[in-house]
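Source file: upload_17.pdb; contents: PDB, C-alpha atoms.
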MODEL        1
ATOM      1  CA  MET A1243     -76.941 -49.868  -7.060
ATOM      2  CA  SER A1244     -78.530 -52.564  -4.973
ATOM      3  CA  GLU A1245     -77.366 -53.668  -1.557
ATOM      4  CA  ASP A1246     -76.877 -57.224  -2.888
ATOM      5  CA  PHE A1247     -74.580 -55.882  -5.609
ATOM      6  CA  GLU A1248     -72.519 -54.050  -2.992
ATOM      7  CA  LYS A1249     -72.396 -57.105  -0.693
ATOM      8  CA  SER A1250     -71.297 -59.285  -3.597
ATOM      9  CA  PHE A1251     -68.436 -56.900  -4.385
ATOM     10  CA  VAL A1252     -67.297 -56.669  -0.753
ATOM     11  CA  LYS A1253     -67.407 -60.457  -0.369
ATOM     12  CA  GLN A1254     -65.342 -61.014  -3.537
ATOM     13  CA  LEU A1255     -62.892 -58.280  -2.533
ATOM     14  CA  LYS A1256     -62.369 -59.796   0.920
ATOM     15  CA  GLN A1257     -61.780 -63.241  -0.569
ATOM     16  CA  ASN A1258     -59.203 -61.872  -3.003
ATOM     17  CA  GLN A1259     -57.537 -59.071  -1.048
ATOM     18  CA  ASN A1260     -54.266 -61.009  -0.709
ATOM     19  CA  ILE A1261     -53.904 -60.811  -4.498
ATOM     20  CA  ILE A1262     -54.094 -57.044  -4.277
ATOM     21  CA  HIS A1263     -51.664 -56.839  -1.355
ATOM     22  CA  LYS A1264     -49.093 -58.926  -3.234
ATOM     23  CA  ILE A1265     -49.381 -56.716  -6.300
ATOM     24  CA  CYS A1266     -49.040 -53.626  -4.105
ATOM     25  CA  ARG A1267     -45.883 -55.032  -2.553
ATOM     26  CA  LEU A1268     -44.429 -55.739  -5.969
ATOM     27  CA  TYR A1269     -45.040 -52.241  -7.327
ATOM     28  CA  THR A1270     -44.444 -50.045  -4.251
ATOM     29  CA  ASN A1271     -41.807 -49.225  -1.688
ATOM     30  CA  GLY A1272     -43.095 -48.469   1.779
ATOM     31  CA  GLU A1273     -46.325 -48.761   3.693
ATOM     32  CA  ASP A1274     -47.892 -45.457   2.598
ATOM     33  CA  ALA A1275     -47.391 -46.177  -1.096
ATOM     34  CA  HIS A1276     -48.704 -49.724  -0.540
ATOM     35  CA  ASN A1277     -51.852 -48.424   1.151
ATOM     36  CA  ASP A1278     -52.385 -45.772  -1.532
ATOM     37  CA  LEU A1279     -52.079 -48.335  -4.311
ATOM     38  CA  PHE A1280     -54.377 -50.773  -2.471
ATOM     39  CA  GLN A1281     -56.986 -48.031  -2.190
ATOM     40  CA  GLU A1282     -56.627 -47.058  -5.858
ATOM     41  CA  ILE A1283     -56.942 -50.682  -6.997
ATOM     42  CA  THR A1284     -60.038 -51.108  -4.823
ATOM     43  CA  ILE A1285     -61.580 -47.997  -6.383
ATOM     44  CA  GLN A1286     -60.800 -49.243  -9.894
ATOM     45  CA  LEU A1287     -62.262 -52.675  -9.086
ATOM     46  CA  TRP A1288     -65.429 -51.029  -7.763
ATOM     47  CA  LYS A1289     -65.755 -48.822 -10.842
ATOM     48  CA  ALA A1290     -65.248 -51.798 -13.165
ATOM     49  CA  PHE A1291     -67.371 -54.275 -11.171
ATOM     50  CA  PRO A1292     -70.633 -53.495 -13.033
ATOM     51  CA  LYS A1293     -68.869 -54.609 -16.232
ATOM     52  CA  PHE A1294     -67.668 -57.903 -14.701
ATOM     53  CA  ARG A1295     -69.673 -60.526 -16.590
ATOM     54  CA  GLY A1296     -68.311 -63.611 -14.909
ATOM     55  CA  ASP A1297     -66.709 -64.958 -18.107
ATOM     56  CA  SER A1298     -63.623 -65.656 -15.984
ATOM     57  CA  LYS A1299     -63.114 -66.165 -12.274
ATOM     58  CA  PHE A1300     -63.334 -63.018 -10.165
ATOM     59  CA  SER A1301     -59.713 -63.554  -9.104
ATOM     60  CA  THR A1302     -58.489 -63.596 -12.719
ATOM     61  CA  TRP A1303     -60.441 -60.436 -13.475
ATOM     62  CA  ALA A1304     -59.163 -58.800 -10.266
ATOM     63  CA  TYR A1305     -55.555 -59.672 -11.207
ATOM     64  CA  ARG A1306     -56.000 -57.951 -14.531
ATOM     65  CA  VAL A1307     -57.574 -54.784 -13.096
ATOM     66  CA  ALA A1308     -55.070 -54.642 -10.220
ATOM     67  CA  LEU A1309     -52.038 -55.176 -12.441
ATOM     68  CA  ASN A1310     -53.231 -52.614 -14.985
ATOM     69  CA  THR A1311     -53.842 -50.082 -12.207
ATOM     70  CA  ALA A1312     -50.475 -50.769 -10.580
ATOM     71  CA  ILE A1313     -48.584 -50.579 -13.861
ATOM     72  CA  THR A1314     -50.313 -47.342 -14.866
ATOM     73  CA  LEU A1315     -49.602 -45.691 -11.511
ATOM     74  CA  TYR A1316     -46.072 -47.117 -11.389
ATOM     75  CA  ARG A1317     -45.274 -45.620 -14.778
ATOM     76  CA  LYS A1318     -46.659 -42.238 -13.704
ATOM     77  CA  SER A1319     -44.726 -42.289 -10.426
ATOM     78  CA  THR A1320     -41.406 -43.226 -12.009
ATOM     79  CA  ARG A1321     -41.654 -40.109 -14.150
ATOM     80  CA  SER A1322     -42.058 -37.715 -11.254
ATOM     81  CA  VAL A1323     -41.606 -39.127  -7.757
ATOM     82  CA  SER A1324     -38.702 -41.017  -6.294
ATOM     83  CA  THR A1325     -39.513 -43.488  -3.548
ATOM     84  CA  ILE A1326     -37.518 -44.601  -0.579
ATOM     85  CA  SER A1327     -36.921 -48.322  -0.401
ATOM     86  CA  TYR A1328     -38.107 -49.936   2.779
ATOM     87  CA  GLU A1329     -35.989 -52.491   4.545
ATOM     88  CA  GLY A1330     -36.933 -55.359   6.782
ATOM     89  CA  GLN A1331     -40.686 -55.279   6.965
ATOM     90  CA  TYR A1332     -41.752 -58.375   8.823
ATOM     91  CA  HIS A1333     -44.253 -59.269   6.099
ATOM     92  CA  PHE A1334     -46.988 -59.369   8.731
ATOM     93  CA  ILE A1335     -45.363 -62.358  10.450
ATOM     94  CA  SER A1336     -45.423 -62.548  14.221
ATOM     95  CA  PRO A1337     -41.962 -62.364  15.870
ATOM     96  CA  GLU A1338     -41.897 -66.046  16.861
ATOM     97  CA  GLU A1339     -42.444 -67.032  13.210
ATOM     98  CA  TYR A1340     -39.775 -64.665  11.880
ATOM     99  CA  ASN A1341     -36.897 -66.315  10.054
ATOM    100  CA  HIS A1342     -34.024 -63.920   9.337
ATOM    101  CA  ALA A1343     -32.451 -66.045   6.577
ATOM    102  CA  GLU A1344     -35.795 -66.405   4.830
ATOM    103  CA  GLU A1345     -36.407 -62.659   5.211
ATOM    104  CA  GLU A1346     -33.065 -61.909   3.543
ATOM    105  CA  GLN A1347     -33.892 -64.246   0.641
ATOM    106  CA  ILE A1348     -37.285 -62.592   0.181
ATOM    107  CA  LYS A1349     -35.638 -59.169   0.270
ATOM    108  CA  LEU A1350     -33.103 -60.207  -2.396
ATOM    109  CA  MET A1351     -35.869 -61.604  -4.583
ATOM    110  CA  TYR A1352     -37.916 -58.395  -4.354
ATOM    111  CA  GLN A1353     -34.788 -56.340  -5.143
ATOM    112  CA  ALA A1354     -34.230 -58.500  -8.221
ATOM    113  CA  LEU A1355     -37.890 -58.163  -9.236
ATOM    114  CA  GLN A1356     -37.606 -54.376  -9.016
ATOM    115  CA  LYS A1357     -35.096 -54.562 -11.890
ATOM    116  CA  LEU A1358     -37.659 -56.164 -14.206
ATOM    117  CA  ASN A1359     -40.029 -54.189 -16.404
ATOM    118  CA  ASP A1360     -43.741 -53.901 -15.625
ATOM    119  CA  ILE A1361     -44.932 -56.839 -17.703
ATOM    120  CA  GLU A1362     -42.088 -59.070 -16.500
ATOM    121  CA  LYS A1363     -43.011 -58.314 -12.875
ATOM    122  CA  ALA A1364     -46.650 -59.154 -13.551
ATOM    123  CA  LEU A1365     -45.727 -62.406 -15.285
ATOM    124  CA  VAL A1366     -43.436 -63.508 -12.442
ATOM    125  CA  PHE A1367     -46.072 -62.595  -9.893
ATOM    126  CA  LEU A1368     -48.710 -64.720 -11.607
ATOM    127  CA  TYR A1369     -46.219 -67.563 -12.064
ATOM    128  CA  LEU A1370     -45.359 -67.487  -8.350
ATOM    129  CA  GLU A1371     -49.071 -67.552  -7.597
ATOM    130  CA  ASP A1372     -49.145 -70.971  -9.314
ATOM    131  CA  LYS A1373     -51.217 -69.720 -12.217
ATOM    132  CA  ASN A1374     -50.949 -71.893 -15.290
ATOM    133  CA  TYR A1375     -49.829 -70.363 -18.579
ATOM    134  CA  THR A1376     -53.397 -70.261 -19.877
ATOM    135  CA  GLU A1377     -54.479 -68.129 -16.906
ATOM    136  CA  ILE A1378     -51.344 -65.965 -17.160
ATOM    137  CA  ALA A1379     -51.965 -65.370 -20.860
ATOM    138  CA  GLU A1380     -55.618 -64.512 -20.248
ATOM    139  CA  THR A1381     -54.796 -62.136 -17.398
ATOM    140  CA  LEU A1382     -52.031 -60.308 -19.281
ATOM    141  CA  GLY A1383     -53.748 -60.369 -22.671
ATOM    142  CA  ILE A1384     -50.940 -62.240 -24.440
ATOM    143  CA  SER A1385     -50.750 -65.647 -26.080
ATOM    144  CA  GLU A1386     -49.901 -68.723 -24.035
ATOM    145  CA  VAL A1387     -46.795 -69.327 -26.154
ATOM    146  CA  ASN A1388     -45.689 -65.736 -25.586
ATOM    147  CA  ALA A1389     -46.186 -66.161 -21.821
ATOM    148  CA  ARG A1390     -44.001 -69.293 -21.807
ATOM    149  CA  VAL A1391     -41.246 -67.675 -23.868
ATOM    150  CA  LYS A1392     -41.262 -64.524 -21.742
ATOM    151  CA  MET A1393     -41.136 -66.564 -18.518
ATOM    152  CA  ASN A1394     -38.117 -68.548 -19.725
ATOM    153  CA  ARG A1395     -36.327 -65.307 -20.608
ATOM    154  CA  ILE A1396     -37.229 -63.770 -17.252
ATOM    155  CA  LYS A1397     -35.868 -66.805 -15.388
ATOM    156  CA  GLY A1398     -32.548 -66.331 -17.172
ATOM    157  CA  LYS A1399     -32.590 -62.623 -16.412
ATOM    158  CA  LEU A1400     -33.281 -63.245 -12.709
ATOM    159  CA  ILE A1401     -30.470 -65.806 -12.519
ATOM    160  CA  LYS A1402     -28.072 -63.183 -13.888
ATOM    161  CA  ILE A1403     -29.365 -60.532 -11.478
ATOM    162  CA  LEU A1404     -29.146 -62.819  -8.436
ATOM    163  CA  ASN A1405     -25.799 -64.385  -9.421
ATOM    164  CA  PRO A1406     -23.748 -61.583 -11.010
TER
ENDMDL
END
Spit out the file's structure as structure tokens when you get a sec.
Amino acid sequence: MSEDFEKSFVKQLKQNQNIIHKICRLYTNGEDAHNDLFQEITIQLWKAFPKFRGDSKFSTWAYRVALNTAITLYRKSTRSVSTISYEGQYHFISPEEYNHAEEEQIKLMYQALQKLNDIEKALVFLYLEDKNYTEIAETLGISEVNARVKMNRIKGKLIKILNP
């Protein structure tokens, strides 16, 4: 593979690494699991990069690969390994920016998201990333109508989880 090809991949990965970190946070508990998943997603992106044709934005393609990798590994891990939930990570915020009330709300939201199934988590994640339903549908491989219906159902489900 050429050096330009490698540089192109590294550049795209750097520009979109926050996508991967957010997916890792959604599907893991703890720093080690997060780092392992990040590494696995990066490997899968690298392996698939030669097949990336540019039909969609790199970020959309990266979402799809990252979510598929996370879901596959998540399903494998829930069969065999139990994880320990982490509490109170500062989300990489410096102490002077830390807001305890906001941290508690974020923690509650992530706890609620953990109760959703794999596809529901992915859909909420993309929705919170301000992706429109066309992009969500394309990334998840479902119809736009299906994405809208699922999102409305998930909103109701989250309301019930957060307000028992």
Could you state the separation of CA of Ala1308 (chain A) and CA of Ile1283 (chain A) in Å, given to one decimal place?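 So the two atoms, CA of Ala1308 (chain A) and CA of Ile1283 (chain A), lie 5.4 Å apart.
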To one decimal in Å, tell me the separation between CA of Asn1260 (chain A) and CA of Gln1353 (chain A).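 If I compute the distance from CA of Asn1260 (chain A) to CA of Gln1353 (chain A), I get 20.5 Å.
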List as a PyMOL selection string the protein and nucleic acid residues near Gln1286 (chain A), meaning an atom at most 9 Å away when all atoms listed in the file are counted, but skip any in the same chain fewer than 5 places from it. chain A and resi 1281+1291+1307-1308+1311
Run the PyMOL selection byres ((chain A and resi 1359) around 12) against the file shown and list the residues it catches, as a PyMOL selection string. chain A and resi 1268-1269+1313+1316-1317+1320+1354-1358+1360-1366+1392+1396+1399-1400
Shell around region 1295-1297 of chain A at 12 Å using only C-alpha atoms, local window under 6 positions removed, as a JSON list (two decimals) with C-alpha atoms, in the frame of the given file:
[["chain", "number", "residue", "atom", "x", "y", "z"],
["A", 1303, "TRP", "CA", -60.44, -60.44, -13.48],
["A", 1304, "ALA", "CA", -59.16, -58.80, -10.27],
["A", 1380, "GLU", "CA", -55.62, -64.51, -20.25]]
Applying 8 Å and all atoms listed in the file, which residues near Leu1279 (chain A) remain after dropping the ones on its own chain fewer than 2 positions away? List them as a PyMOL selection string. chain A and resi 1266+1270+1275-1277+1281-1283+1312
